[in-house]
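See below for run_35.csv, which holds CSV, C-alpha atoms.
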```
chain,number,residue,atom,x,y,z
A,1,MET,CA,-0.5,-1.4,-3.9
A,2,ALA,CA,1.9,-3.3,-6.1
A,3,SER,CA,0.4,-1.8,-9.2
A,4,THR,CA,-2.3,0.6,-10.2
A,5,GLY,CA,-2.7,-1.1,-13.6
A,6,PHE,CA,-5.6,-3.5,-12.8
A,7,HIS,CA,-8.4,-2.9,-15.3
A,8,GLU,CA,-11.0,-4.9,-13.5
A,9,PRO,CA,-12.2,-4.8,-9.9
A,10,ILE,CA,-9.3,-6.5,-7.9
A,11,GLU,CA,-11.7,-8.7,-5.9
A,12,LEU,CA,-12.8,-10.3,-9.2
A,13,LEU,CA,-9.2,-11.3,-10.1
A,14,SER,CA,-7.6,-14.6,-9.1
A,15,THR,CA,-4.3,-14.7,-7.3
A,16,GLU,CA,-2.7,-16.1,-10.5
A,17,THR,CA,-4.0,-13.2,-12.6
A,18,ARG,CA,-2.8,-10.7,-10.0
A,19,ASN,CA,0.7,-12.3,-9.9
A,20,LEU,CA,0.9,-12.5,-13.7
A,21,HIS,CA,-0.1,-8.8,-13.9
A,22,ARG,CA,2.7,-8.0,-11.5
A,23,ALA,CA,5.2,-9.9,-13.6
A,24,ILE,CA,4.0,-8.4,-16.9
A,25,VAL,CA,4.3,-4.9,-15.5
A,26,SER,CA,7.7,-5.6,-14.1
A,27,LEU,CA,8.8,-6.9,-17.5
A,28,MET,CA,7.4,-3.8,-19.2
A,29,GLU,CA,9.4,-1.6,-16.7
A,30,GLU,CA,12.6,-3.5,-17.3
A,31,LEU,CA,12.3,-3.3,-21.1
A,32,GLU,CA,11.5,0.4,-20.9
A,33,ALA,CA,14.7,0.9,-18.7
A,34,ILE,CA,16.8,-1.0,-21.3
A,35,ASP,CA,15.5,1.3,-24.0
A,36,TRP,CA,16.2,4.4,-21.9
A,37,TYR,CA,19.8,3.3,-21.0
A,38,GLN,CA,20.5,2.4,-24.6
A,39,GLN,CA,19.4,5.9,-25.9
A,40,ARG,CA,21.2,7.7,-23.1
A,41,ALA,CA,24.4,5.8,-23.8
A,42,ASP,CA,24.2,6.7,-27.4
A,43,ALA,CA,23.7,10.3,-26.7
A,44,CYS,CA,26.3,10.5,-23.9
A,45,SER,CA,29.6,12.4,-24.7
A,46,ASP,CA,31.4,11.2,-21.6
A,47,ASP,CA,33.0,7.7,-22.1
A,48,ALA,CA,33.0,6.8,-18.4
A,49,LEU,CA,29.4,7.6,-18.0
A,50,LYS,CA,28.6,5.9,-21.2
A,51,ALA,CA,30.2,2.7,-19.9
A,52,VAL,CA,28.1,2.9,-16.7
A,53,LEU,CA,24.9,3.4,-18.7
A,54,LEU,CA,25.7,0.4,-20.9
A,55,HIS,CA,26.5,-1.7,-17.8
A,56,ASN,CA,23.2,-0.7,-16.3
A,57,LYS,CA,21.4,-1.5,-19.5
A,58,ASN,CA,22.8,-5.0,-19.4
A,59,GLU,CA,21.8,-5.5,-15.8
A,60,GLU,CA,18.2,-4.6,-16.8
A,61,ILE,CA,18.3,-7.2,-19.6
A,62,GLU,CA,19.2,-9.8,-16.9
A,63,HIS,CA,16.3,-8.6,-14.8
A,64,ALA,CA,13.9,-8.8,-17.7
A,65,MET,CA,14.9,-12.3,-18.5
A,66,MET,CA,14.4,-13.4,-14.9
A,67,VAL,CA,10.9,-12.1,-15.0
A,68,LEU,CA,10.2,-13.6,-18.4
A,69,GLU,CA,11.3,-17.0,-17.1
A,70,TRP,CA,8.9,-16.7,-14.2
A,71,ILE,CA,6.1,-15.9,-16.6
A,72,ARG,CA,7.1,-19.0,-18.7
A,73,ARG,CA,7.0,-21.2,-15.7
A,74,ASN,CA,3.6,-19.9,-14.6
A,75,SER,CA,1.8,-19.6,-18.0
A,76,SER,CA,1.5,-22.7,-20.1
A,77,HIS,CA,0.7,-20.6,-23.3
A,78,PHE,CA,3.9,-18.5,-22.8
A,79,ASP,CA,5.8,-21.8,-22.2
A,80,GLU,CA,4.4,-23.4,-25.3
A,81,ASN,CA,5.0,-20.4,-27.6
A,82,MET,CA,8.5,-19.7,-26.2
A,83,LYS,CA,9.4,-23.3,-26.8
A,84,LYS,CA,8.1,-22.9,-30.3
A,85,TYR,CA,9.7,-19.6,-31.3
A,86,LEU,CA,12.9,-19.1,-29.2
A,87,PHE,CA,16.4,-20.3,-30.1
A,88,LYS,CA,15.3,-21.4,-33.6
A,89,GLU,CA,17.4,-21.0,-36.8
A,90,SER,CA,14.5,-20.8,-39.2
A,91,ALA,CA,13.0,-17.5,-40.4
A,92,ILE,CA,10.8,-16.3,-37.6
A,93,THR,CA,7.7,-16.0,-39.8
A,94,GLU,CA,8.1,-19.6,-41.0
A,95,ILE,CA,8.3,-21.2,-37.6
A,96,GLU,CA,4.5,-21.5,-37.2
A,97,THR,CA,4.1,-23.2,-40.6
A,98,GLU,CA,7.0,-25.5,-39.9
A,99,SER,CA,5.7,-26.3,-36.5
A,100,LYS,CA,2.3,-27.3,-37.8
A,101,ALA,CA,3.9,-29.5,-40.5
A,102,ALA,CA,6.0,-31.2,-37.8
A,103,GLY,CA,2.9,-31.9,-35.8
A,104,ASP,CA,3.7,-29.9,-32.7
A,105,GLY,CA,1.5,-26.8,-32.7
A,106,GLY,CA,-1.6,-25.3,-34.1
A,107,ALA,CA,-4.1,-28.1,-34.6
A,108,ASN,CA,-1.6,-30.7,-33.3
A,109,PRO,CA,-0.1,-29.4,-30.0
A,110,ALA,CA,2.1,-31.6,-27.8
A,111,THR,CA,-0.2,-31.1,-24.8
A,112,LEU,CA,-3.6,-29.8,-24.0
A,113,SER,CA,-2.0,-26.8,-22.3
A,114,ILE,CA,-4.0,-27.2,-19.1
A,115,GLY,CA,-1.2,-26.4,-16.5
A,116,SER,CA,-2.1,-24.9,-13.2
A,117,LEU,CA,-5.8,-24.3,-12.5
A,118,LYS,CA,-5.3,-22.8,-9.0
A,119,GLY,CA,-7.5,-19.9,-8.4
A,120,ARG,CA,-9.8,-20.8,-11.3
B,121,MET,CA,8.1,-37.3,-34.1
B,122,ASP,CA,7.5,-37.4,-30.4
B,123,LEU,CA,6.2,-40.0,-28.0
B,124,LEU,CA,2.6,-39.1,-28.8
B,125,ARG,CA,3.0,-40.0,-32.5
B,126,ARG,CA,0.0,-37.8,-33.3
B,127,GLU,CA,1.2,-37.2,-36.9
B,128,LEU,CA,0.7,-40.9,-37.6
B,129,ALA,CA,-3.0,-40.8,-36.8
B,130,PRO,CA,-5.4,-40.7,-39.8
B,131,ILE,CA,-7.0,-37.6,-38.3
B,132,THR,CA,-7.3,-34.2,-40.0
B,133,PRO,CA,-6.1,-31.0,-38.3
B,134,GLU,CA,-9.7,-29.8,-37.9
B,135,ALA,CA,-10.7,-33.1,-36.2
B,136,TRP,CA,-7.7,-32.9,-33.9
B,137,THR,CA,-8.8,-29.4,-32.9
B,138,GLU,CA,-12.2,-30.7,-32.0
B,139,ILE,CA,-10.8,-33.7,-30.0
B,140,ASP,CA,-8.3,-31.5,-28.1
B,141,ALA,CA,-10.9,-28.8,-27.4
B,142,GLU,CA,-13.4,-31.3,-26.0
B,143,ALA,CA,-10.8,-33.1,-23.9
B,144,LYS,CA,-9.6,-29.8,-22.5
B,145,ARG,CA,-13.1,-28.6,-21.7
B,146,VAL,CA,-14.0,-31.7,-19.8
B,147,LEU,CA,-10.7,-31.9,-18.0
B,148,GLU,CA,-10.9,-28.3,-16.8
B,149,LEU,CA,-14.4,-28.9,-15.6
B,150,ASN,CA,-13.6,-32.1,-13.7
B,151,LEU,CA,-10.1,-31.5,-12.3
B,152,ALA,CA,-10.7,-30.3,-8.8
B,153,GLY,CA,-7.3,-30.9,-7.1
B,154,ARG,CA,-5.4,-28.7,-9.6
B,155,LYS,CA,-7.7,-25.8,-8.7
B,156,LEU,CA,-6.6,-26.2,-5.0
B,157,VAL,CA,-2.9,-27.2,-4.9
B,158,ASP,CA,0.4,-25.7,-6.1
B,159,PHE,CA,1.5,-26.7,-9.5
B,160,LYS,CA,5.0,-27.4,-10.7
B,161,GLY,CA,5.8,-28.0,-14.3
B,162,PRO,CA,5.2,-29.2,-16.9
B,163,HIS,CA,8.7,-30.6,-17.1
B,164,GLY,CA,8.2,-32.9,-20.1
B,165,TRP,CA,8.6,-36.7,-20.6
B,166,LYS,CA,12.2,-36.8,-19.3
B,167,TYR,CA,11.3,-35.6,-15.9
B,168,ALA,CA,11.2,-38.8,-13.7
B,169,ALA,CA,11.3,-37.8,-10.1
B,170,VAL,CA,10.9,-35.0,-7.6
B,171,ASN,CA,13.8,-34.2,-5.3
B,172,THR,CA,12.6,-34.1,-1.7
B,173,GLY,CA,15.9,-32.8,-0.5
B,174,LYS,CA,16.1,-35.6,2.1
B,175,ILE,CA,18.5,-38.5,2.7
B,176,SER,CA,18.4,-41.4,5.1
B,177,ILE,CA,21.8,-42.1,6.4
B,178,LYS,CA,22.7,-45.8,7.1
B,179,HIS,CA,25.5,-46.5,9.6
B,180,ASP,CA,26.0,-50.1,8.4
B,181,ASP,CA,29.6,-49.7,7.3
B,182,LYS,CA,30.1,-53.4,6.3
B,183,GLY,CA,29.6,-52.8,2.6
B,184,LEU,CA,31.4,-49.6,1.8
B,185,GLY,CA,33.3,-49.2,5.0
B,186,VAL,CA,31.7,-45.8,5.6
B,187,PRO,CA,28.2,-44.5,6.5
B,188,TRP,CA,26.1,-44.1,3.4
B,189,GLY,CA,22.6,-42.9,2.4
B,190,VAL,CA,20.1,-43.0,-0.5
B,191,ARG,CA,18.7,-39.7,-1.6
B,192,GLU,CA,14.9,-39.6,-1.3
B,193,VAL,CA,12.9,-38.8,-4.4
B,194,VAL,CA,9.2,-39.1,-5.3
B,195,PRO,CA,8.9,-40.8,-8.7
B,196,LEU,CA,6.4,-39.6,-11.2
B,197,ILE,CA,3.7,-42.0,-12.2
B,198,GLU,CA,2.4,-42.1,-15.8
B,199,VAL,CA,-1.3,-42.7,-16.5
B,200,ARG,CA,-2.8,-43.7,-19.8
B,201,VAL,CA,-6.6,-43.7,-20.6
B,202,PRO,CA,-7.2,-45.4,-24.0
B,203,PHE,CA,-10.2,-44.5,-26.1
B,204,GLU,CA,-11.5,-45.2,-29.6
B,205,LEU,CA,-13.0,-43.0,-32.3
B,206,SER,CA,-14.6,-43.7,-35.7
B,207,ILE,CA,-12.4,-42.5,-38.6
B,208,LEU,CA,-15.4,-41.9,-40.8
B,209,ASP,CA,-17.1,-39.8,-38.1
B,210,LEU,CA,-13.9,-37.7,-37.6
B,211,ASP,CA,-13.6,-37.3,-41.4
B,212,ASN,CA,-17.1,-35.9,-41.5
B,213,THR,CA,-15.8,-32.9,-39.5
B,214,GLU,CA,-14.2,-31.7,-42.7
B,215,ARG,CA,-17.7,-32.0,-44.3
B,216,GLY,CA,-19.2,-29.8,-41.6
B,217,ALA,CA,-20.6,-32.4,-39.3
B,218,THR,CA,-20.1,-32.4,-35.5
B,219,PRO,CA,-18.2,-35.6,-34.5
B,220,ASP,CA,-19.4,-37.9,-31.7
B,221,LEU,CA,-16.8,-37.3,-29.0
B,222,ALA,CA,-18.5,-39.2,-26.1
B,223,ALA,CA,-15.4,-41.4,-25.9
B,224,VAL,CA,-13.2,-38.3,-25.4
B,225,VAL,CA,-15.5,-37.0,-22.7
B,226,ASN,CA,-15.4,-40.4,-20.9
B,227,ALA,CA,-11.6,-40.6,-21.2
B,228,ALA,CA,-11.2,-37.0,-19.9
B,229,GLU,CA,-13.4,-37.8,-16.9
B,230,LYS,CA,-11.4,-40.9,-16.1
B,231,ALA,CA,-8.1,-39.0,-16.3
B,232,ALA,CA,-9.4,-36.2,-14.1
B,233,HIS,CA,-10.8,-38.7,-11.7
B,234,ALA,CA,-7.4,-40.6,-11.5
B,235,GLU,CA,-5.4,-37.4,-10.8
B,236,ASP,CA,-7.9,-36.3,-8.1
B,237,ILE,CA,-8.0,-39.7,-6.4
B,238,ALA,CA,-4.2,-39.5,-6.2
B,239,ILE,CA,-4.3,-35.9,-4.8
B,240,PHE,CA,-7.1,-36.4,-2.3
B,241,SER,CA,-7.0,-40.1,-1.3
B,242,GLY,CA,-3.4,-41.0,-2.4
B,243,PHE,CA,-2.2,-44.0,-4.4
B,244,LYS,CA,0.1,-46.2,-2.4
B,245,ALA,CA,1.1,-48.4,-5.3
B,246,GLY,CA,2.5,-45.3,-7.0
B,247,GLY,CA,4.1,-43.9,-3.9
B,248,ILE,CA,1.6,-41.1,-3.5
B,249,GLU,CA,0.3,-40.1,-0.1
B,250,GLY,CA,-2.9,-38.1,-0.5
B,251,ILE,CA,-4.2,-35.1,1.4
B,252,ILE,CA,-6.8,-37.2,3.5
B,253,GLU,CA,-4.4,-39.9,4.5
B,254,SER,CA,-1.7,-37.4,5.5
B,255,SER,CA,-3.9,-35.2,7.7
B,256,PRO,CA,-3.1,-35.6,11.4
B,257,HIS,CA,-6.5,-34.2,12.4
B,258,ALA,CA,-9.2,-36.5,13.4
B,259,PRO,CA,-11.8,-36.5,10.6
B,260,LEU,CA,-15.1,-34.8,11.4
B,261,THR,CA,-18.3,-36.7,10.5
B,262,ILE,CA,-20.9,-35.2,8.2
B,263,SER,CA,-24.4,-35.6,9.6
B,264,ASP,CA,-27.3,-36.5,7.4
B,265,ASP,CA,-28.9,-33.3,8.7
B,266,TYR,CA,-27.2,-30.6,6.7
B,267,SER,CA,-28.4,-27.9,9.0
B,268,GLU,CA,-25.5,-29.0,11.2
B,269,PHE,CA,-23.0,-28.6,8.3
B,270,PRO,CA,-22.1,-24.9,9.1
B,271,SER,CA,-21.0,-25.8,12.6
B,272,LEU,CA,-19.0,-28.7,11.3
B,273,VAL,CA,-17.1,-26.3,8.9
B,274,VAL,CA,-16.5,-23.9,11.8
B,275,ASN,CA,-15.0,-26.7,13.8
B,276,ALA,CA,-12.8,-27.7,10.8
B,277,VAL,CA,-11.6,-24.1,10.3
B,278,GLU,CA,-10.8,-23.8,14.0
B,279,THR,CA,-8.9,-27.1,13.9
B,280,LEU,CA,-6.7,-25.8,11.1
B,281,ARG,CA,-6.2,-22.4,12.8
B,282,ARG,CA,-5.3,-24.1,16.1
B,283,GLY,CA,-2.8,-26.2,14.2
B,284,GLY,CA,-1.1,-23.0,13.1
B,285,VAL,CA,-2.4,-23.2,9.5
B,286,ASN,CA,-3.4,-19.8,8.0
B,287,GLY,CA,-6.1,-19.3,5.5
B,288,PRO,CA,-7.6,-18.6,3.1
B,289,TYR,CA,-9.2,-22.0,3.1
B,290,ALA,CA,-11.0,-23.9,0.4
B,291,LEU,CA,-13.7,-26.5,0.7
B,292,ALA,CA,-13.7,-29.4,-1.8
B,293,LEU,CA,-17.0,-31.3,-1.8
B,294,GLY,CA,-17.7,-34.8,-3.1
B,295,PRO,CA,-20.7,-35.2,-5.3
B,296,ASP,CA,-23.1,-36.5,-2.6
B,297,CYS,CA,-22.0,-33.8,-0.2
B,298,TYR,CA,-22.1,-31.1,-2.9
B,299,THR,CA,-25.7,-32.0,-3.9
B,300,ALA,CA,-27.0,-32.3,-0.3
B,301,LEU,CA,-25.4,-29.0,0.7
B,302,THR,CA,-26.7,-27.2,-2.5
B,303,GLN,CA,-30.2,-28.4,-1.8
B,304,ALA,CA,-30.2,-27.8,2.0
B,305,ALA,CA,-32.0,-24.8,3.4
B,306,GLU,CA,-33.0,-23.6,6.9
B,307,ASP,CA,-36.0,-21.2,7.2
B,308,GLY,CA,-35.7,-20.8,3.4
B,309,TYR,CA,-32.1,-19.6,3.6
B,310,PRO,CA,-29.5,-21.7,1.7
B,311,ILE,CA,-27.2,-23.5,4.1
B,312,ARG,CA,-24.4,-23.2,1.4
B,313,ARG,CA,-24.4,-19.4,1.8
B,314,ARG,CA,-24.1,-19.7,5.6
B,315,VAL,CA,-21.1,-22.1,5.1
B,316,ALA,CA,-19.5,-19.6,2.7
B,317,ASN,CA,-19.4,-17.0,5.5
B,318,PHE,CA,-16.9,-19.0,7.5
B,319,PHE,CA,-13.9,-18.9,5.2
B,320,SER,CA,-12.8,-16.7,2.3
B,321,GLY,CA,-11.7,-19.3,-0.3
B,322,PRO,CA,-13.5,-21.3,-2.9
B,323,MET,CA,-16.1,-24.0,-2.4
B,324,MET,CA,-16.1,-26.5,-5.2
B,325,LEU,CA,-17.2,-29.9,-6.5
B,326,ALA,CA,-14.6,-32.6,-6.5
B,327,PRO,CA,-16.1,-35.6,-8.4
B,328,ALA,CA,-13.5,-38.1,-7.1
B,329,LEU,CA,-14.0,-37.2,-3.4
B,330,SER,CA,-16.2,-38.9,-0.9
B,331,GLY,CA,-17.2,-36.4,1.8
B,332,ALA,CA,-15.4,-33.1,1.9
B,333,VAL,CA,-11.9,-31.7,2.6
B,334,LEU,CA,-11.2,-28.2,4.0
B,335,LEU,CA,-7.6,-27.2,3.1
B,336,SER,CA,-5.5,-24.1,3.2
B,337,GLN,CA,-4.9,-22.0,0.1
B,338,ARG,CA,-2.0,-20.0,1.5
B,339,GLY,CA,0.4,-22.0,-0.8
B,340,GLY,CA,3.4,-24.2,0.0
B,341,ASP,CA,1.4,-27.1,1.6
B,342,PHE,CA,0.4,-29.3,-1.4
B,343,GLU,CA,2.4,-29.8,-4.6
B,344,LEU,CA,1.4,-31.4,-7.8
B,345,THR,CA,4.4,-31.9,-10.1
B,346,VAL,CA,3.7,-32.6,-13.7
B,347,GLY,CA,6.2,-34.1,-16.2
B,348,GLN,CA,4.2,-34.5,-19.4
B,349,ASP,CA,1.0,-32.5,-18.9
B,350,LEU,CA,-2.3,-34.0,-20.1
B,351,SER,CA,-2.0,-34.8,-23.7
B,352,ILE,CA,-3.6,-37.0,-26.4
B,353,GLY,CA,-1.5,-39.5,-28.2
B,354,TYR,CA,-2.0,-42.0,-31.0
B,355,ALA,CA,-1.8,-45.8,-30.5
B,356,HIS,CA,-2.9,-47.5,-33.7
B,357,HIS,CA,-5.8,-47.8,-36.2
B,358,ASP,CA,-7.6,-50.1,-38.6
B,359,HIS,CA,-9.8,-49.2,-41.5
B,360,GLN,CA,-12.6,-48.1,-39.3
B,361,LYS,CA,-11.4,-47.0,-35.9
B,362,VAL,CA,-8.5,-45.1,-34.5
B,363,GLN,CA,-7.2,-45.8,-31.0
B,364,LEU,CA,-6.0,-42.8,-29.0
B,365,TYR,CA,-5.1,-42.3,-25.4
B,366,LEU,CA,-5.1,-39.5,-22.9
B,367,THR,CA,-1.9,-39.4,-20.8
B,368,GLU,CA,0.1,-37.5,-18.3
B,369,SER,CA,2.9,-38.1,-15.8
B,370,PHE,CA,2.8,-36.6,-12.4
B,371,ALA,CA,3.7,-36.8,-8.7
B,372,PHE,CA,1.9,-35.4,-5.7
B,373,ARG,CA,3.4,-34.4,-2.3
B,374,VAL,CA,1.9,-33.1,0.9
B,375,LEU,CA,4.4,-30.7,2.3
B,376,GLU,CA,2.5,-29.6,5.4
B,377,ASN,CA,0.1,-32.4,6.4
B,378,ALA,CA,-1.7,-30.3,9.1
B,379,ALA,CA,-3.0,-28.0,6.3
B,380,ALA,CA,-6.1,-30.0,5.6
B,381,ILE,CA,-8.9,-31.8,7.5
B,382,TYR,CA,-11.2,-34.5,6.2
B,383,LEU,CA,-15.0,-34.2,6.7
B,384,LYS,CA,-16.0,-37.9,6.2
B,385,PRO,CA,-19.4,-39.2,5.3
B,386,LYS,CA,-21.3,-41.1,7.9
B,387,ASN,CA,-20.5,-44.9,7.9
B,388,ARG,CA,-17.1,-44.4,6.3
B,389,LYS,CA,-13.8,-45.2,7.9
B,390,LYS,CA,-11.0,-42.7,7.3
```

Output the file's structure as structure tokens, nothing else.
Amino acid sequence: MASTGFHEPIELLSTETRNLHRAIVSLMEELEAIDWYQQRADACSDDALKAVLLHNKNEEIEHAMMVLEWIRRNSSHFDENMKKYLFKESAITEIETESKAAGDGGANPATLSIGSLKGR
Amino acid sequence: MDLLRRELAPITPEAWTEIDAEAKRVLELNLAGRKLVDFKGPHGWKYAAVNTGKISIKHDDKGLGVPWGVREVVPLIEVRVPFELSILDLDNTERGATPDLAAVVNAAEKAAHAEDIAIFSGFKAGGIEGIIESSPHAPLTISDDYSEFPSLVVNAVETLRRGGVNGPYALALGPDCYTALTQAAEDGYPIRRRVANFFSGPMMLAPALSGAVLLSQRGGDFELTVGQDLSIGYAHHDHQKVQLYLTESFAFRVLENAAAIYLKPKNRKK
């Protein structure tokens, strides 16, 4: 069993939903590991061990981003919102308003966000 | 402003929401191929071709003095379905009225139909080879007597298995076939339920298909690549009507042609 976190009978879940669940759980685990390594490094009194812990934390960040990119490629809503919010200079809370004013979001999206329908 | 030029349309945000929601509903209802094949993208307007990873080497060394080859790619095609809506009717959305979106429904059905024709039957002018044309298996003929349909499906499943193609399998049914199968019964037991016992994948209506197709759902056999995913853009307007269009860019490739078999209606060539 890849995960015990399914909240509905597994036979009712599409392949896409199962895979997205696996990716989300993996992302949660990577983020949790980052948090743990960061705290351990802060508390660690040995400089050599601290360096190893920080190195490991950075590896987990790489893993998290790889999973996040898979999610983006396989979920049109993640893709749409990541394109809207990431790597922007504006205040984060202003992006949605600016996006609507620019005509690419909210009531005026660039696409109908249909994407893959396999398994639906 | 992007290529869709939506912000230039005399349409309120609430009316846009109604138009988009109706188009999405009808597209998701009618798109059958997308429910059965792998999906790559959306890659956006700038994505023009799919890399096949192949090259055909020429040994004519007269021109360059050395052997040479052209990399093989599958170009994306762009489809555009125009439709027209009443500006006054759309404005009435702000007043609480429900707009007449029959034109949106019609356009969405046409767009879904176009994509599914390309996937199932191919579109040679656009360089797309469809699932039916690609299949090396001899088509099986659907009898008028649907009590014979279960054994036809068994034969189809066995053909794919013998060809080394694993399941699960899905059965896409054209409208006539879908209706006849849904209505058929033997000794009061629905034939459709008997058919469902022979494979573990979905059985679904494919409005653009004539006959039926049994195809593998294991993945890696059929690939729909989308550049700009289905979107609604603005063309122009006068004082009464606004001209919009439903568009997308896509390519379709069959990667394993033995992964599907066509069940053709009687009196139809392949």

*Provide the atom CA of Gly153 of chain B to atom CA of Arg191 of chain B distance in Å, to one decimal place.*
28.0 Å

*May I have the residues within 12 Å of segment 23-28 of chain A as a list in words, using all atoms listed in the file and disregarding those fewer than 6 positions away in the same chain?*
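Non-adjacent residues within range: Ala2, Ser3, Thr4, Gly5, Phe6, Glu16, Thr17, Ile34, Asp35, Glu60, Ile61, Glu62, His63, Ala64, Met65, Met66, Val67, Leu68, Glu69, Trp70, Ile71, Arg72, Arg73, Asn74, Ser75 and Phe78 of chain A.
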
Proximity check chain B to chain A, 6 Å, nearest pairs one decimal Å, all atoms listed in the file, as CSV:
```
residue,atom,partner,partner_atom,distance
B:Glu127,CA,A:Gly103,CA,5.7
B:Pro133,CA,A:Ala107,CA,5.1
B:Thr137,CA,A:Ala107,CA,5.2
B:Arg154,CA,A:Leu117,CA,5.3
B:Lys155,CA,A:Lys118,CA,3.9
B:Leu156,CA,A:Lys118,CA,5.4
B:Phe159,CA,A:Ser116,CA,5.5
B:Leu350,CA,A:Leu112,CA,5.9
B:Ser351,CA,A:Thr111,CA,4.3
```

*asked:* List as a list in words the protein and nucleic acid residues near Ile175 of chain B, meaning an atom at most 8 Å away when only C-alpha atoms are counted, but skip any in the same chain fewer than 5 places from it.
replied: Gly189, Val190, Arg191 and Glu192 of chain B

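Coordinates place atom CA of Arg312 of chain B at a distance of 9.5 Å from atom CA of Tyr266 of chain B.
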
*May I ask for the distance between atom CA of Gly216 of chain B and atom CA of Gly353 of chain B, given in Å to one decimal place?*
24.2 Å

_Exercise: segment 235-252 of chain B partners within 8 Å, all atoms listed in the file, chain neighbours under 6 positions left out, as a PyMOL selection string_ = chain B and resi 151-153+194-195+197+326+328-329+333+342+344+371-374+377+380-382+390

Since the input has fewer atoms than a full residue there, write segment 34-45 of chain A out with N, CA and C atoms, as a JSON list (two decimals), in the frame of the given file.
```json
[["chain", "number", "residue", "atom", "x", "y", "z"],
["A", 34, "ILE", "N", 15.72, -0.61, -20.34],
["A", 34, "ILE", "CA", 16.80, -1.00, -21.30],
["A", 34, "ILE", "C", 16.79, 0.04, -22.46],
["A", 35, "ASP", "N", 15.60, 0.37, -22.93],
["A", 35, "ASP", "CA", 15.50, 1.30, -24.00],
["A", 35, "ASP", "C", 16.07, 2.69, -23.62],
["A", 36, "TRP", "N", 15.72, 3.13, -22.38],
["A", 36, "TRP", "CA", 16.20, 4.40, -21.90],
["A", 36, "TRP", "C", 17.75, 4.42, -21.81],
["A", 37, "TYR", "N", 18.30, 3.39, -21.18],
["A", 37, "TYR", "CA", 19.80, 3.30, -21.00],
["A", 37, "TYR", "C", 20.47, 3.30, -22.37],
["A", 38, "GLN", "N", 19.90, 2.56, -23.29],
["A", 38, "GLN", "CA", 20.50, 2.40, -24.60],
["A", 38, "GLN", "C", 20.57, 3.82, -25.29],
["A", 39, "GLN", "N", 19.46, 4.55, -25.22],
["A", 39, "GLN", "CA", 19.40, 5.90, -25.90],
["A", 39, "GLN", "C", 20.35, 6.85, -25.15],
["A", 40, "ARG", "N", 20.37, 6.79, -23.80],
["A", 40, "ARG", "CA", 21.20, 7.70, -23.10],
["A", 40, "ARG", "C", 22.71, 7.43, -23.37],
["A", 41, "ALA", "N", 23.05, 6.16, -23.45],
["A", 41, "ALA", "CA", 24.40, 5.80, -23.80],
["A", 41, "ALA", "C", 24.84, 6.30, -25.13],
["A", 42, "ASP", "N", 23.92, 6.18, -26.07],
["A", 42, "ASP", "CA", 24.20, 6.70, -27.40],
["A", 42, "ASP", "C", 24.47, 8.15, -27.45],
["A", 43, "ALA", "N", 23.66, 8.88, -26.66],
["A", 43, "ALA", "CA", 23.70, 10.30, -26.70],
["A", 43, "ALA", "C", 24.84, 10.88, -25.79],
["A", 44, "CYS", "N", 25.35, 10.06, -24.88],
["A", 44, "CYS", "CA", 26.30, 10.50, -23.90],
["A", 44, "CYS", "C", 27.68, 10.85, -24.48],
["A", 45, "SER", "N", 28.25, 12.00, -24.10],
["A", 45, "SER", "CA", 29.60, 12.40, -24.70],
["A", 45, "SER", "C", 30.71, 12.00, -23.75]]
```
